[in-house]
Each structure stands twice: as structure tokens, then as C-alpha cells.
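All remarks here apply to the structure that follows.
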Amino acid sequence: MEERGRIPPGLPRPDPTVSYWQDPPAEIADLRTSLDLPDKADYVIVGSGISGACIAFNISCKQPGASVVVLEARQAASGATGRNGGHTKAASYRSFLDHCVGKEKEFGLDEAMRIARLEYSNIEATHALAKQYQIGCDSTPCDTVDIIYSQTHLDAGKQAIERMREVMGHDDPAAKYRIYDARTTRETFLTPTALGAFEYAAGSLSAYAFAIGVLRLGLAKGMNLQTTTPAESISSSGQAIWRVQTPRGSVTTPNLILATNAYTAHLLPQMQGLIVPLHGQVVAQRPGTGLPRHGLTDTYSFIHETGYEYMITRPPGTPDQGTVIIGGGLWKLPNSGASRYGETRDSVLEPTITSFLRDCTTEYFGSNWGQDNSAGRIVKEWSGIMGASADGLPYVGAMSDMPGLWISAAFNGHGMVWCLNAAEALVEMMTGDGAAQKKLDEWFPRSARMSKDRMGRRFMGRKDLRAPGEAEFGERSRL
Ligand SMILES: Cc1cc2nc3c(=O)[nH]c(=O)nc-3n(C[C@H](O)[C@H](O)[C@H](O)COP(=O)(O)OP(=O)(O)OC[C@H]3O[C@@H](n4cnc5c(N)ncnc54)[C@H](O)[C@@H]3O)c2cc1C
């Protein structure tokens with residue numbers, strides 16, 4: 001794994017697959033607000049995914065009149081944000097014990113609760129923002145269910161939920177879960193071989209349309225978006241003025257923000273091995289005749305010994321209601337999918353995963369799937385690149401000893417659960433007064449802040465694939 005972490009990410013590839021969400025592309029996909037690249041700005045943000053979009057919008061709200069330039073290597077929001085699974089789902093119980101009482105005893109109880117509450121509130125805030133600004137992204141808050149196929153995960157999941165209830169209180173919305181036995185799970189969720197299930201609040205949306213909507217809000221406030229303009233390198237004059245070099249010239253700024261997720265190490269080699277690209281795959285399928293026409297009421301995950309799939313169905317009222325969007329399949333490859341780490345070609349599909357994702361829905365739903373749609377099962381298949389961090393949390397804040405350089409990146413495949421709040425926190429760190437900074441400490445986890453200490457850790461693989469509280473897969477990795 002460490003070896004895969006040493007592969008340089010390079011710049012985003014020029015020929016990515018087109019995701020279901022990007023077809024057709026948004027009107028602003030190729031926008032360059034001005035013909036020429038501005039030569040300076042108060043803030044320069046590299047990356048126009050959900051992070052870059054939310055950071056730019058927040059700056060424009062906090063400091064109207066500040067000049068904000070967003071540089072994007074490809075089309076707008078065409079990184080992970082434009083090609084994800086559309087799931088706003090935290091699954092905080094899966095990491096909670098690791099954060100507080102697992103073998104690693106990482107952060108302590110208060111911090112573990114702060115993380116779980118942030119994840120929950122980020123989901124609510126994302127759907128609320130979509131509603132407030134009427135962003136047409138099919139934002140649908142709903143319940144989600146984890147269908148469990150592993151006794152280890154079932155037992156460990158129950159323990160983690162019990163612990164969360166105990167310390168956070170049964171009424172805390174971030175600790176609210178319903179637990180189902182095998183029989184009820186099979187009947188309620190149409191999954192005939194499940195061992196049990198956990199159900200809790202989550203949602204779905206088009207992250208692409210959401211980020212495009214937020215970029216539009218920023219544009220309306222004067223933000224300058226420059227697509228197809230890769231930041232090739234960055235340098236500092238030593239007086240906290242940063243220069244960003246692009247093929248179209250350079251731009252200087254006292255505040256340079258890297259919202260570059262998986263690609264961060266290209267501009268900041270210090271992040272090599274700390275943010276590791278991870279190639280992920282998703283498929284859109286027409287539902288079988290046995291599934292509800294308007295889609296399932298819950299979103300789903302299917303949890304196995306060493307990995308999982310995540311699935312939403314397109315909500316009622318959308319032209320493609322009921323369409324299944326499912327991603328995952330990493331655990332079908334040797335060594336927990338190690339070959340996918342360090343891989344940045346979102347122009348390609350991995351054949352074993354492709355074949356698994358095409359067929360897994362009929363396995364999960366069995367005869368409840370019914371017949372395939374007469375138009376065929378597959379609507380679209382695509383890939384995207386996540387940014388996995390060494391300790392499983394994003395890096396948000398000031399880069400140590402690099403005044404004027406900021407980062408919000410590495411969301412470990414859970415960006416819809418972090419990016420909006422991380423953007424708000426980052427802007428508060430950049431612009432807030434003492435009182436604001438103090439308030440920030442109350443709600444934003446210290447463990448997700450950039451720090452010298454975190455720079456010393458090294459990537460050993462994704463933790464969220466293990467059972468709650470489990471330090472390693474152990475024998476199960478050889479199953
Ligand atoms: C296949 C897949 C499925 C996923 N499913 C889910 C899900 O269901 N739920 C969930 O919560 N999360 C999911 N995620 C993760 C989620 O999409 C990300 O965490 C989130 O989108 C990260 O947003 P971001 O803006 O930080 O990064 P990105 O969206 O990756 O944006 C980074 C941007 O920076 C640009 N960039 C990078 N380097 C440069 C440079 N040098 N110059 C200019 N531009 C540059 C990139 O082109 C890109 O547009 C999934 C990710 C993938 C890949």
C-alpha cells in the first residue's frame with residue numbers, strides 16, 4: 001500500500017469517462033469568465049469540485065468585493081464531484097469506535113462525538129443549501145439502510161451503535177439507528193440473503209448539479225472561473241505571495257487554496273503518501289421489473305467482510321425515477337483492491353469491477369429484481385478518483401510554515417458528508433476574528449485540521465472498509 005502511495009498523481013487526466021450526471025454537461029462546464037487569466041486576485045482556489053465551489057461561495061459571502069479566481073484543470077466540477085455515487089450518507093457508527101475507544105484510541109470521546117455530529121450536520125446543511133437557493137440537484141433527504149452480509153460487521157456495528165447511544169444520548173440525531181434482524185431485513189428491504197441491517201437518516205442528490213449550482217452562486221457574486229486551466233506549479237516569493245503557473249500565464253495571490261483532492265501532491269509534493277488517489281467505479285442501471293417503479297424509499301449499502309457497495313435509486317418525480325446508481329466492488333480485487341490506489345486514470349474501467357457491478361444488483365435483490373428492463377440493464381458506466389488520507393480524515397486548514405497556503409482535501413470517498421462544512425471551517429480559519437476561531441473549535445474537529453503532526457503519518461489503506469472498531473482485517477483479508 002505504501003508503495004502505491006508513492007506514485008505521483010500528476011495533473012487530472014485530459015480524457016475522463018463521462019458520468020451519468022455530466023450527460024449533458026452543465027452550461028458553465030467550459031466557462032472562462034474572462035478571456036485572459038487575471039494576473040492577481042485576493043483569493044485563488046485551485047479546483048472547482050464541491051470543495052472549491054463552496055469555499056469560493058463562502059468567501060464571497062463573508063468578504064463581498066474580494067476578488068476570487070477559481071482554476072480548474074478540466075471542465076467545471078469534473079473531478080470526483082462530477083462522477084460520484086450521489087449518496088449523502090455518513091455511516092458514522094463505522095468509524096466512531098476507531099475515533100474514541102478502538103485499539104487505536106485515536107482522538108478521544110469528545111472528538112469522536114464532534115466528528116459524528118459534523119457528519120450528520122453536513123448532510124443536513126447540504127440539502128438545506130440546495131433548498132435555500134433552489135439548486136436543481138434532485139436533493140432528497142431520506143433514510144438509508146446498511147444491508148449486512150458479515151457476522152463480524154453485524155456484531156461490531158451493533159456494539160458501535162450501542163456505544164454511540166450511550167455516550168451521545170438516544171435522542172441525538174447523529175446517534176439514531178434502527179437495527180433489523182435477518183427476517184425483517186429480507187422482507188422490508190427485498191434482500192433475500194441479508195443477515196441484518198442498520199437504518200438511519202441520509203439522502204441523495206446529484207453532486208455535480210449541486211456543485212455547479214454553488215459555482216453559479218459564486219459567479220453571481222463576481223467570482224472568476226477559469227476552466228481547462230491547470231495549475232502546473234506553485235511558488236512563493238517568501239513574502240506570503242503565491243504565484244500559480246498555468247499554460248495561460250500566471251496569477252499571484254496572498255491566499256492560495258488547494259481544493260485539489262486526489263491530485264494535491266502534484267502541486268505540493270509534501271502531500272505525497274498523505275493523500276493517495278483511489279480509482280472508484282459506478283454504474284447506472286435501469287431497475288428490474290420487480291423493484292418499485294418510483295424507486296426504493298431508502299438508499300442502500302451492501303456490507304461484506306472486506307468491502308462494500310453503495311447504492312441510490314433516482315427519486316420520484318425525476319425523469320429517470322427508479323434508476324439504480326451503484327458503486328464499489330473494490331473488495332472483489334486481490335489485496336483489498338490495492339491496485340486501484342495511486343491510479344488516476346478516470347478514463348478507464350477496471351474489468352473485474354465492471355463485471356461485478358453489472359451483475360451484483362440481481363444478486364442482492366434475488367428474485368425481487370424481476371426481469372431486466374426491455375431496454376437493457378446498463379445505462380452508463382464511469383470511473384472517478386477519490387483522495388484517501390493517511391489517517392482517514394480530511395486535511396483542512398493552513399499549511400504549516402507556508403503562510404498564505406491553505407488546503408481542504410482528501411475526503412476518503414465521503415465528500416458529501418464533509419466538504420460543505422470543511423469549506424465553511426476553512427473560510428472561518430482564513431477570515432474569522434478571535435471569537436469566530438474559538439467558536440470553530442467547538443464544532444469543527446481538531447483532528448481534521450492540517451497540522452505538523454498529521455504530516456508525519458503514512459498511508460496504510462482505507463480504514464472505513466474494516467468492521468467498526470477493528471484495527472486490521474486479520475485472517476478475514478485472506479477470505
Ligand atoms: C466513484 C466515486 C464515487 C463516490 N461516491 C460518493 C458518494 O456516494 N458519497 C460521497 O459522500 N462521496 C462520494 N465520493 C467522494 C466525493 O465525490 C468526493 O469526496 C468529493 O467530490 C470531493 O470533492 P472535492 O471538491 O474536494 O474534490 P474533486 O471533486 O475531486 O475536485 C477537485 C478538482 O480539482 C481539480 N484539480 C486538481 N488538480 C488541479 C490542478 N493542478 N489545476 C487545476 N485543477 C485541478 C480537479 O480537476 C477537480 O475538478 C465518490 C467519489 C468517487 C470518485
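Residues are named by chain letter and number: chains run A, B, ... in the order of the C-alpha cells, numbers start at 1 in each chain, and ligands are numbered from 1 in the order shown.
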Using only C-alpha atoms and all ligand atoms, find each residue of chain A with at least one atom at most 7 Å away from an atom of ligand 1; report its shortest atom-to-atom pair and that distance in Å (one decimal), sort the rows by chain and rising residue number, and return the result as a tab-separated table.
```
residue	atom	partner	partner_atom_place_in_ligand_line	distance
A:Leu11	CA	ligand 1	41 (N)	5.4
A:Pro12	CA	ligand 1	47 (O)	5.3
A:Val46	CA	ligand 1	43 (C)	5.2
A:Gly47	CA	ligand 1	34 (O)	3.2
A:Ser48	CA	ligand 1	49 (O)	5.0
A:Gly49	CA	ligand 1	25 (O)	3.3
A:Ile50	CA	ligand 1	25 (O)	4.0
A:Ser51	CA	ligand 1	25 (O)	3.7
A:Gly52	CA	ligand 1	25 (O)	5.5
A:Leu71	CA	ligand 1	43 (C)	5.2
A:Glu72	CA	ligand 1	44 (N)	3.7
A:Ala73	CA	ligand 1	43 (C)	3.7
A:Arg74	CA	ligand 1	47 (O)	5.4
A:Ala76	CA	ligand 1	49 (O)	6.3
A:Ala77	CA	ligand 1	49 (O)	4.7
A:Ser78	CA	ligand 1	49 (O)	4.7
A:Gly79	CA	ligand 1	49 (O)	3.8
A:Ala80	CA	ligand 1	29 (O)	3.9
A:Thr81	CA	ligand 1	21 (O)	3.3
A:Gly82	CA	ligand 1	29 (O)	6.4
A:Arg83	CA	ligand 1	1 (C)	5.8
A:Asn84	CA	ligand 1	3 (C)	3.4
A:Gly85	CA	ligand 1	8 (O)	3.5
A:Gly86	CA	ligand 1	8 (O)	4.4
A:His87	CA	ligand 1	8 (O)	3.7
A:Thr88	CA	ligand 1	11 (O)	5.3
A:Lys89	CA	ligand 1	11 (O)	6.3
A:Thr229	CA	ligand 1	43 (C)	6.1
A:Pro230	CA	ligand 1	42 (N)	3.6
A:Ala231	CA	ligand 1	42 (N)	3.8
A:Glu232	CA	ligand 1	41 (N)	5.6
A:Ala259	CA	ligand 1	26 (O)	5.6
A:Thr260	CA	ligand 1	34 (O)	3.9
A:Asn261	CA	ligand 1	27 (O)	4.6
A:Ala262	CA	ligand 1	30 (O)	6.3
A:Tyr263	CA	ligand 1	38 (N)	4.8
A:Thr264	CA	ligand 1	38 (N)	6.2
A:His266	CA	ligand 1	41 (N)	6.7
A:Leu267	CA	ligand 1	41 (N)	6.2
A:His279	CA	ligand 1	53 (C)	6.5
A:Gly280	CA	ligand 1	1 (C)	4.1
A:Gln281	CA	ligand 1	1 (C)	4.6
A:Val282	CA	ligand 1	1 (C)	5.6
A:Tyr310	CA	ligand 1	8 (O)	6.7
A:Gly327	CA	ligand 1	3 (C)	6.4
A:Ser383	CA	ligand 1	1 (C)	5.4
A:Gly384	CA	ligand 1	53 (C)	3.7
A:Ile385	CA	ligand 1	53 (C)	4.1
A:Met386	CA	ligand 1	53 (C)	4.4
A:Ser408	CA	ligand 1	26 (O)	6.8
A:Ala409	CA	ligand 1	26 (O)	5.1
A:Ala410	CA	ligand 1	26 (O)	6.6
A:Phe411	CA	ligand 1	19 (O)	4.4
A:Asn412	CA	ligand 1	19 (O)	6.0
A:Gly413	CA	ligand 1	15 (C)	3.6
A:His414	CA	ligand 1	11 (O)	3.5
A:Gly415	CA	ligand 1	19 (O)	3.1
A:Met416	CA	ligand 1	11 (O)	3.5
A:Val417	CA	ligand 1	11 (O)	5.2
A:Cys419	CA	ligand 1	26 (O)	6.4
```
Give me the residues within 10 Å of Trp331 (chain A) as JSON, numbers by chain, counting only C-alpha atoms and dropping any in the same chain fewer than 6 places off.
-> {"A": [304, 305, 306, 307, 308, 309, 337, 338, 353, 465, 477]}
Would you put the residues from that selection into a file with all heavy atoms, as a CSV table (one decimal), in the first residue's frame?
```
chain,number,residue,atom,x,y,z
A,304,HIS,N,-19.9,-6.3,3.2
A,304,HIS,CA,-19.3,-7.6,3.3
A,304,HIS,C,-18.1,-7.6,4.2
A,304,HIS,O,-17.7,-6.6,4.7
A,304,HIS,CB,-18.9,-8.0,1.9
A,304,HIS,CG,-19.9,-7.8,0.8
A,304,HIS,ND1,-20.9,-8.7,0.5
A,304,HIS,CD2,-20.2,-6.7,0.1
A,304,HIS,CE1,-21.7,-8.3,-0.3
A,304,HIS,NE2,-21.3,-7.0,-0.6
A,305,GLU,N,-17.4,-8.8,4.3
A,305,GLU,CA,-16.3,-8.9,5.2
A,305,GLU,C,-15.2,-7.8,5.0
A,305,GLU,O,-14.8,-7.2,5.9
A,305,GLU,CB,-15.6,-10.3,5.0
A,305,GLU,CG,-16.4,-11.4,5.5
A,305,GLU,CD,-16.6,-11.5,7.0
A,305,GLU,OE1,-15.8,-10.7,7.7
A,305,GLU,OE2,-17.4,-12.2,7.5
A,306,THR,N,-14.9,-7.6,3.7
A,306,THR,CA,-13.7,-6.6,3.4
A,306,THR,C,-14.1,-5.5,2.5
A,306,THR,O,-13.2,-4.9,1.9
A,306,THR,CB,-12.5,-7.4,2.9
A,306,THR,OG1,-13.0,-8.1,1.7
A,306,THR,CG2,-12.0,-8.4,3.9
A,307,GLY,N,-15.3,-5.2,2.4
A,307,GLY,CA,-15.7,-4.0,1.5
A,307,GLY,C,-17.2,-3.8,1.4
A,307,GLY,O,-17.9,-4.5,2.0
A,308,TYR,N,-17.6,-2.9,0.6
A,308,TYR,CA,-19.0,-2.6,0.5
A,308,TYR,C,-19.3,-2.0,-0.9
A,308,TYR,O,-18.4,-1.4,-1.6
A,308,TYR,CB,-19.5,-1.7,1.6
A,308,TYR,CG,-18.8,-0.3,1.7
A,308,TYR,CD1,-19.1,0.7,0.9
A,308,TYR,CD2,-17.7,-0.2,2.6
A,308,TYR,CE1,-18.5,1.9,1.0
A,308,TYR,CE2,-17.1,1.1,2.7
A,308,TYR,CZ,-17.5,2.1,1.9
A,308,TYR,OH,-16.9,3.3,2.0
A,309,GLU,N,-20.6,-2.0,-1.2
A,309,GLU,CA,-21.2,-1.2,-2.3
A,309,GLU,C,-22.1,-0.2,-1.8
A,309,GLU,O,-22.6,-0.3,-0.6
A,309,GLU,CB,-22.0,-2.1,-3.3
A,309,GLU,CG,-21.2,-2.9,-4.3
A,309,GLU,CD,-20.3,-3.9,-3.6
A,309,GLU,OE1,-20.7,-4.9,-3.0
A,309,GLU,OE2,-19.0,-3.6,-3.7
A,337,GLY,N,-8.1,-4.6,-3.2
A,337,GLY,CA,-8.1,-3.6,-4.3
A,337,GLY,C,-6.9,-2.7,-4.3
A,337,GLY,O,-6.9,-1.6,-4.8
A,338,ALA,N,-5.7,-3.2,-3.8
A,338,ALA,CA,-4.5,-2.4,-3.7
A,338,ALA,C,-4.2,-1.7,-5.0
A,338,ALA,O,-3.7,-0.6,-5.1
A,338,ALA,CB,-3.4,-3.2,-3.2
A,353,ILE,N,-14.2,-5.2,-11.8
A,353,ILE,CA,-15.2,-4.4,-11.1
A,353,ILE,C,-16.4,-4.1,-12.0
A,353,ILE,O,-17.5,-4.2,-11.5
A,353,ILE,CB,-14.5,-3.1,-10.5
A,353,ILE,CG1,-13.5,-3.4,-9.4
A,353,ILE,CG2,-15.6,-2.1,-10.0
A,353,ILE,CD1,-12.9,-2.3,-8.8
A,465,LEU,N,-13.2,0.4,5.4
A,465,LEU,CA,-13.6,-0.9,4.9
A,465,LEU,C,-13.7,-2.0,6.0
A,465,LEU,O,-14.4,-3.0,5.8
A,465,LEU,CB,-12.7,-1.4,3.8
A,465,LEU,CG,-12.4,-0.4,2.6
A,465,LEU,CD1,-11.4,-0.9,1.6
A,465,LEU,CD2,-13.8,-0.1,1.9
A,477,SER,N,-8.9,-10.9,5.7
A,477,SER,CA,-8.4,-10.4,4.4
A,477,SER,C,-8.0,-11.5,3.4
A,477,SER,O,-7.9,-11.3,2.2
A,477,SER,CB,-7.2,-9.5,4.6
A,477,SER,OG,-6.1,-10.2,5.1
```
For Arg286 (chain A), find every residue with an atom within 12 Å (counting only C-alpha atoms), except residues of its own chain fewer than 2 positions away, and show them as a PDB file with N, CA, C and O atoms, in the first residue's frame.
```
ATOM      1  N   VAL A 283     -21.930   2.455 -11.698  1.00  0.00           N
ATOM      2  CA  VAL A 283     -22.745   2.110 -12.874  1.00  0.00           C
ATOM      3  C   VAL A 283     -24.187   2.566 -12.621  1.00  0.00           C
ATOM      4  O   VAL A 283     -24.679   2.499 -11.485  1.00  0.00           O
ATOM      5  N   ALA A 284     -24.831   3.074 -13.670  1.00  0.00           N
ATOM      6  CA  ALA A 284     -26.270   3.402 -13.602  1.00  0.00           C
ATOM      7  C   ALA A 284     -27.026   2.292 -14.324  1.00  0.00           C
ATOM      8  O   ALA A 284     -26.678   1.918 -15.449  1.00  0.00           O
ATOM      9  N   GLY A 288     -34.852  -3.522 -12.370  1.00  0.00           N
ATOM     10  CA  GLY A 288     -35.618  -4.688 -12.808  1.00  0.00           C
ATOM     11  C   GLY A 288     -37.109  -4.443 -12.614  1.00  0.00           C
ATOM     12  O   GLY A 288     -37.513  -3.558 -11.853  1.00  0.00           O
ATOM     13  N   THR A 289     -37.921  -5.247 -13.280  1.00  0.00           N
ATOM     14  CA  THR A 289     -39.374  -5.036 -13.243  1.00  0.00           C
ATOM     15  C   THR A 289     -39.955  -5.264 -11.838  1.00  0.00           C
ATOM     16  O   THR A 289     -41.042  -4.784 -11.534  1.00  0.00           O
ATOM     17  N   GLY A 290     -39.217  -5.977 -10.979  1.00  0.00           N
ATOM     18  CA  GLY A 290     -39.730  -6.271  -9.635  1.00  0.00           C
ATOM     19  C   GLY A 290     -39.532  -5.136  -8.642  1.00  0.00           C
ATOM     20  O   GLY A 290     -40.176  -5.107  -7.596  1.00  0.00           O
ATOM     21  N   LEU A 291     -38.635  -4.201  -8.928  1.00  0.00           N
ATOM     22  CA  LEU A 291     -38.387  -3.093  -7.981  1.00  0.00           C
ATOM     23  C   LEU A 291     -39.467  -2.018  -8.166  1.00  0.00           C
ATOM     24  O   LEU A 291     -40.022  -1.875  -9.259  1.00  0.00           O
ATOM     25  N   PRO A 292     -39.750  -1.244  -7.096  1.00  0.00           N
ATOM     26  CA  PRO A 292     -40.781  -0.209  -7.216  1.00  0.00           C
ATOM     27  C   PRO A 292     -40.449   0.772  -8.356  1.00  0.00           C
ATOM     28  O   PRO A 292     -39.303   1.183  -8.493  1.00  0.00           O
ATOM     29  N   ARG A 293     -41.469   1.124  -9.139  1.00  0.00           N
ATOM     30  CA  ARG A 293     -41.272   1.983 -10.320  1.00  0.00           C
ATOM     31  C   ARG A 293     -40.726   3.366  -9.949  1.00  0.00           C
ATOM     32  O   ARG A 293     -40.009   4.000 -10.705  1.00  0.00           O
ATOM     33  N   HIS A 294     -41.151   3.854  -8.763  1.00  0.00           N
ATOM     34  CA  HIS A 294     -40.729   5.207  -8.365  1.00  0.00           C
ATOM     35  C   HIS A 294     -39.419   5.186  -7.582  1.00  0.00           C
ATOM     36  O   HIS A 294     -39.018   6.191  -7.016  1.00  0.00           O
ATOM     37  N   GLY A 295     -38.783   4.030  -7.528  1.00  0.00           N
ATOM     38  CA  GLY A 295     -37.535   3.936  -6.774  1.00  0.00           C
ATOM     39  C   GLY A 295     -37.782   3.427  -5.365  1.00  0.00           C
ATOM     40  O   GLY A 295     -38.908   3.432  -4.873  1.00  0.00           O
ATOM     41  N   THR A 313     -31.382   5.009  -5.501  1.00  0.00           N
ATOM     42  CA  THR A 313     -32.239   4.990  -6.684  1.00  0.00           C
ATOM     43  C   THR A 313     -32.691   6.424  -6.928  1.00  0.00           C
ATOM     44  O   THR A 313     -32.845   7.205  -5.985  1.00  0.00           O
ATOM     45  N   ARG A 314     -32.843   6.788  -8.191  1.00  0.00           N
ATOM     46  CA  ARG A 314     -33.217   8.168  -8.527  1.00  0.00           C
ATOM     47  C   ARG A 314     -34.619   8.422  -7.991  1.00  0.00           C
ATOM     48  O   ARG A 314     -35.519   7.592  -8.133  1.00  0.00           O
ATOM     49  N   ASP A 320     -35.879  10.088 -14.729  1.00  0.00           N
ATOM     50  CA  ASP A 320     -35.327   8.734 -14.683  1.00  0.00           C
ATOM     51  C   ASP A 320     -35.576   8.086 -13.329  1.00  0.00           C
ATOM     52  O   ASP A 320     -34.747   7.337 -12.823  1.00  0.00           O
ATOM     53  N   GLN A 321     -36.728   8.376 -12.730  1.00  0.00           N
ATOM     54  CA  GLN A 321     -37.024   7.851 -11.388  1.00  0.00           C
ATOM     55  C   GLN A 321     -36.826   6.337 -11.353  1.00  0.00           C
ATOM     56  O   GLN A 321     -37.140   5.639 -12.309  1.00  0.00           O
ATOM     57  N   GLY A 322     -36.293   5.878 -10.237  1.00  0.00           N
ATOM     58  CA  GLY A 322     -36.084   4.438 -10.066  1.00  0.00           C
ATOM     59  C   GLY A 322     -34.737   3.947 -10.570  1.00  0.00           C
ATOM     60  O   GLY A 322     -34.285   2.864 -10.182  1.00  0.00           O
ATOM     61  N   THR A 323     -34.065   4.722 -11.439  1.00  0.00           N
ATOM     62  CA  THR A 323     -32.760   4.281 -11.958  1.00  0.00           C
ATOM     63  C   THR A 323     -31.803   4.033 -10.788  1.00  0.00           C
ATOM     64  O   THR A 323     -31.721   4.833  -9.861  1.00  0.00           O
ATOM     65  N   VAL A 324     -31.111   2.906 -10.872  1.00  0.00           N
ATOM     66  CA  VAL A 324     -30.207   2.482  -9.791  1.00  0.00           C
ATOM     67  C   VAL A 324     -28.804   3.013 -10.094  1.00  0.00           C
ATOM     68  O   VAL A 324     -28.296   2.825 -11.197  1.00  0.00           O
ATOM     69  N   ILE A 325     -28.192   3.679  -9.099  1.00  0.00           N
ATOM     70  CA  ILE A 325     -26.796   4.123  -9.241  1.00  0.00           C
ATOM     71  C   ILE A 325     -26.015   3.365  -8.181  1.00  0.00           C
ATOM     72  O   ILE A 325     -26.240   3.559  -6.984  1.00  0.00           O
ATOM     73  N   ILE A 326     -25.093   2.503  -8.605  1.00  0.00           N
ATOM     74  CA  ILE A 326     -24.378   1.676  -7.617  1.00  0.00           C
ATOM     75  C   ILE A 326     -22.882   1.686  -7.895  1.00  0.00           C
ATOM     76  O   ILE A 326     -22.438   1.592  -9.038  1.00  0.00           O
ATOM     77  N   ARG A 358     -22.049  -4.775 -12.726  1.00  0.00           N
ATOM     78  CA  ARG A 358     -23.167  -5.018 -13.655  1.00  0.00           C
ATOM     79  C   ARG A 358     -24.140  -6.048 -13.087  1.00  0.00           C
ATOM     80  O   ARG A 358     -25.340  -5.944 -13.262  1.00  0.00           O
ATOM     81  N   THR A 361     -26.542  -6.333  -8.619  1.00  0.00           N
ATOM     82  CA  THR A 361     -27.902  -5.956  -8.214  1.00  0.00           C
ATOM     83  C   THR A 361     -28.841  -7.158  -8.231  1.00  0.00           C
ATOM     84  O   THR A 361     -29.684  -7.311  -7.332  1.00  0.00           O
ATOM     85  N   THR A 362     -28.684  -8.024  -9.224  1.00  0.00           N
ATOM     86  CA  THR A 362     -29.572  -9.193  -9.276  1.00  0.00           C
ATOM     87  C   THR A 362     -29.220 -10.166  -8.144  1.00  0.00           C
ATOM     88  O   THR A 362     -30.074 -10.894  -7.658  1.00  0.00           O
ATOM     89  N   TRP A 369     -35.697  -8.631  -7.915  1.00  0.00           N
ATOM     90  CA  TRP A 369     -35.275  -7.764  -9.029  1.00  0.00           C
ATOM     91  C   TRP A 369     -36.254  -7.893 -10.196  1.00  0.00           C
ATOM     92  O   TRP A 369     -36.554  -6.921 -10.883  1.00  0.00           O
ATOM     93  N   GLY A 370     -36.775  -9.093 -10.417  1.00  0.00           N
ATOM     94  CA  GLY A 370     -37.691  -9.336 -11.540  1.00  0.00           C
ATOM     95  C   GLY A 370     -36.919  -9.515 -12.837  1.00  0.00           C
ATOM     96  O   GLY A 370     -35.773  -9.958 -12.839  1.00  0.00           O
ATOM     97  N   GLN A 371     -37.552  -9.134 -13.941  1.00  0.00           N
ATOM     98  CA  GLN A 371     -36.886  -9.223 -15.255  1.00  0.00           C
ATOM     99  C   GLN A 371     -36.112  -7.931 -15.494  1.00  0.00           C
ATOM    100  O   GLN A 371     -36.510  -6.874 -15.001  1.00  0.00           O
ATOM    101  N   ASP A 372     -35.062  -8.035 -16.328  1.00  0.00           N
ATOM    102  CA  ASP A 372     -34.376  -6.804 -16.729  1.00  0.00           C
ATOM    103  C   ASP A 372     -35.298  -5.966 -17.595  1.00  0.00           C
ATOM    104  O   ASP A 372     -36.160  -6.497 -18.305  1.00  0.00           O
ATOM    105  N   ASN A 373     -35.124  -4.661 -17.537  1.00  0.00           N
ATOM    106  CA  ASN A 373     -35.867  -3.739 -18.395  1.00  0.00           C
ATOM    107  C   ASN A 373     -35.626  -4.121 -19.862  1.00  0.00           C
ATOM    108  O   ASN A 373     -34.506  -4.496 -20.232  1.00  0.00           O
ATOM    109  N   SER A 374     -36.662  -4.003 -20.697  1.00  0.00           N
ATOM    110  CA  SER A 374     -36.512  -4.435 -22.101  1.00  0.00           C
ATOM    111  C   SER A 374     -35.474  -3.586 -22.834  1.00  0.00           C
ATOM    112  O   SER A 374     -34.907  -4.017 -23.850  1.00  0.00           O
ATOM    113  N   ALA A 375     -35.186  -2.388 -22.333  1.00  0.00           N
ATOM    114  CA  ALA A 375     -34.162  -1.537 -22.980  1.00  0.00           C
ATOM    115  C   ALA A 375     -32.749  -1.943 -22.544  1.00  0.00           C
ATOM    116  O   ALA A 375     -31.764  -1.351 -22.996  1.00  0.00           O
ATOM    117  N   GLY A 376     -32.635  -2.958 -21.676  1.00  0.00           N
ATOM    118  CA  GLY A 376     -31.319  -3.392 -21.195  1.00  0.00           C
ATOM    119  C   GLY A 376     -31.053  -2.833 -19.809  1.00  0.00           C
ATOM    120  O   GLY A 376     -31.710  -1.895 -19.370  1.00  0.00           O
ATOM    121  N   ARG A 377     -30.084  -3.449 -19.126  1.00  0.00           N
ATOM    122  CA  ARG A 377     -29.853  -3.067 -17.728  1.00  0.00           C
ATOM    123  C   ARG A 377     -28.954  -1.828 -17.613  1.00  0.00           C
ATOM    124  O   ARG A 377     -29.206  -0.943 -16.814  1.00  0.00           O
ATOM    125  N   ILE A 378     -27.923  -1.774 -18.431  1.00  0.00           N
ATOM    126  CA  ILE A 378     -26.891  -0.754 -18.193  1.00  0.00           C
ATOM    127  C   ILE A 378     -27.214   0.563 -18.915  1.00  0.00           C
ATOM    128  O   ILE A 378     -27.440   0.589 -20.123  1.00  0.00           O
ATOM    129  N   VAL A 379     -27.210   1.641 -18.158  1.00  0.00           N
ATOM    130  CA  VAL A 379     -27.419   2.971 -18.733  1.00  0.00           C
ATOM    131  C   VAL A 379     -26.064   3.638 -18.968  1.00  0.00           C
ATOM    132  O   VAL A 379     -25.808   4.175 -20.051  1.00  0.00           O
ATOM    133  N   LYS A 380     -25.197   3.601 -17.991  1.00  0.00           N
ATOM    134  CA  LYS A 380     -23.885   4.247 -18.109  1.00  0.00           C
ATOM    135  C   LYS A 380     -22.918   3.684 -17.067  1.00  0.00           C
ATOM    136  O   LYS A 380     -23.339   3.316 -15.968  1.00  0.00           O
TER     137      LYS A 380
END
```
Thr17 (chain A): which residues within 8 Å, counting only C-alpha atoms, same-chain residues fewer than 2 positions away excluded, as a ChimeraX atom specification?
-> /A:15,19,346-348,382-383
Enumerate the residues of region 250-425 of chain A with a DSSP assignment of alpha helix (DSSP H), computed from the backbone, and present them as a VMD selection string.
-> chain A and resid 264 to 267 334 to 337 351 to 365 419 to 425
Test item: residues at most 10 Å from Arg446 (chain A), only C-alpha atoms, excluding those fewer than 6 positions along its chain, as a list of chain:residue names =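 Non-adjacent residues within range: A:Phe107, A:Glu111, A:Arg114, A:Ile115, A:Val396, A:Leu440.
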Distance query region 237-248 of chain A at most 9 Å, only C-alpha atoms, self and fewer than 2 positions along chain excluded, as a ChimeraX atom specification | /A:36-37,40,44,229-235,250-256,402-405
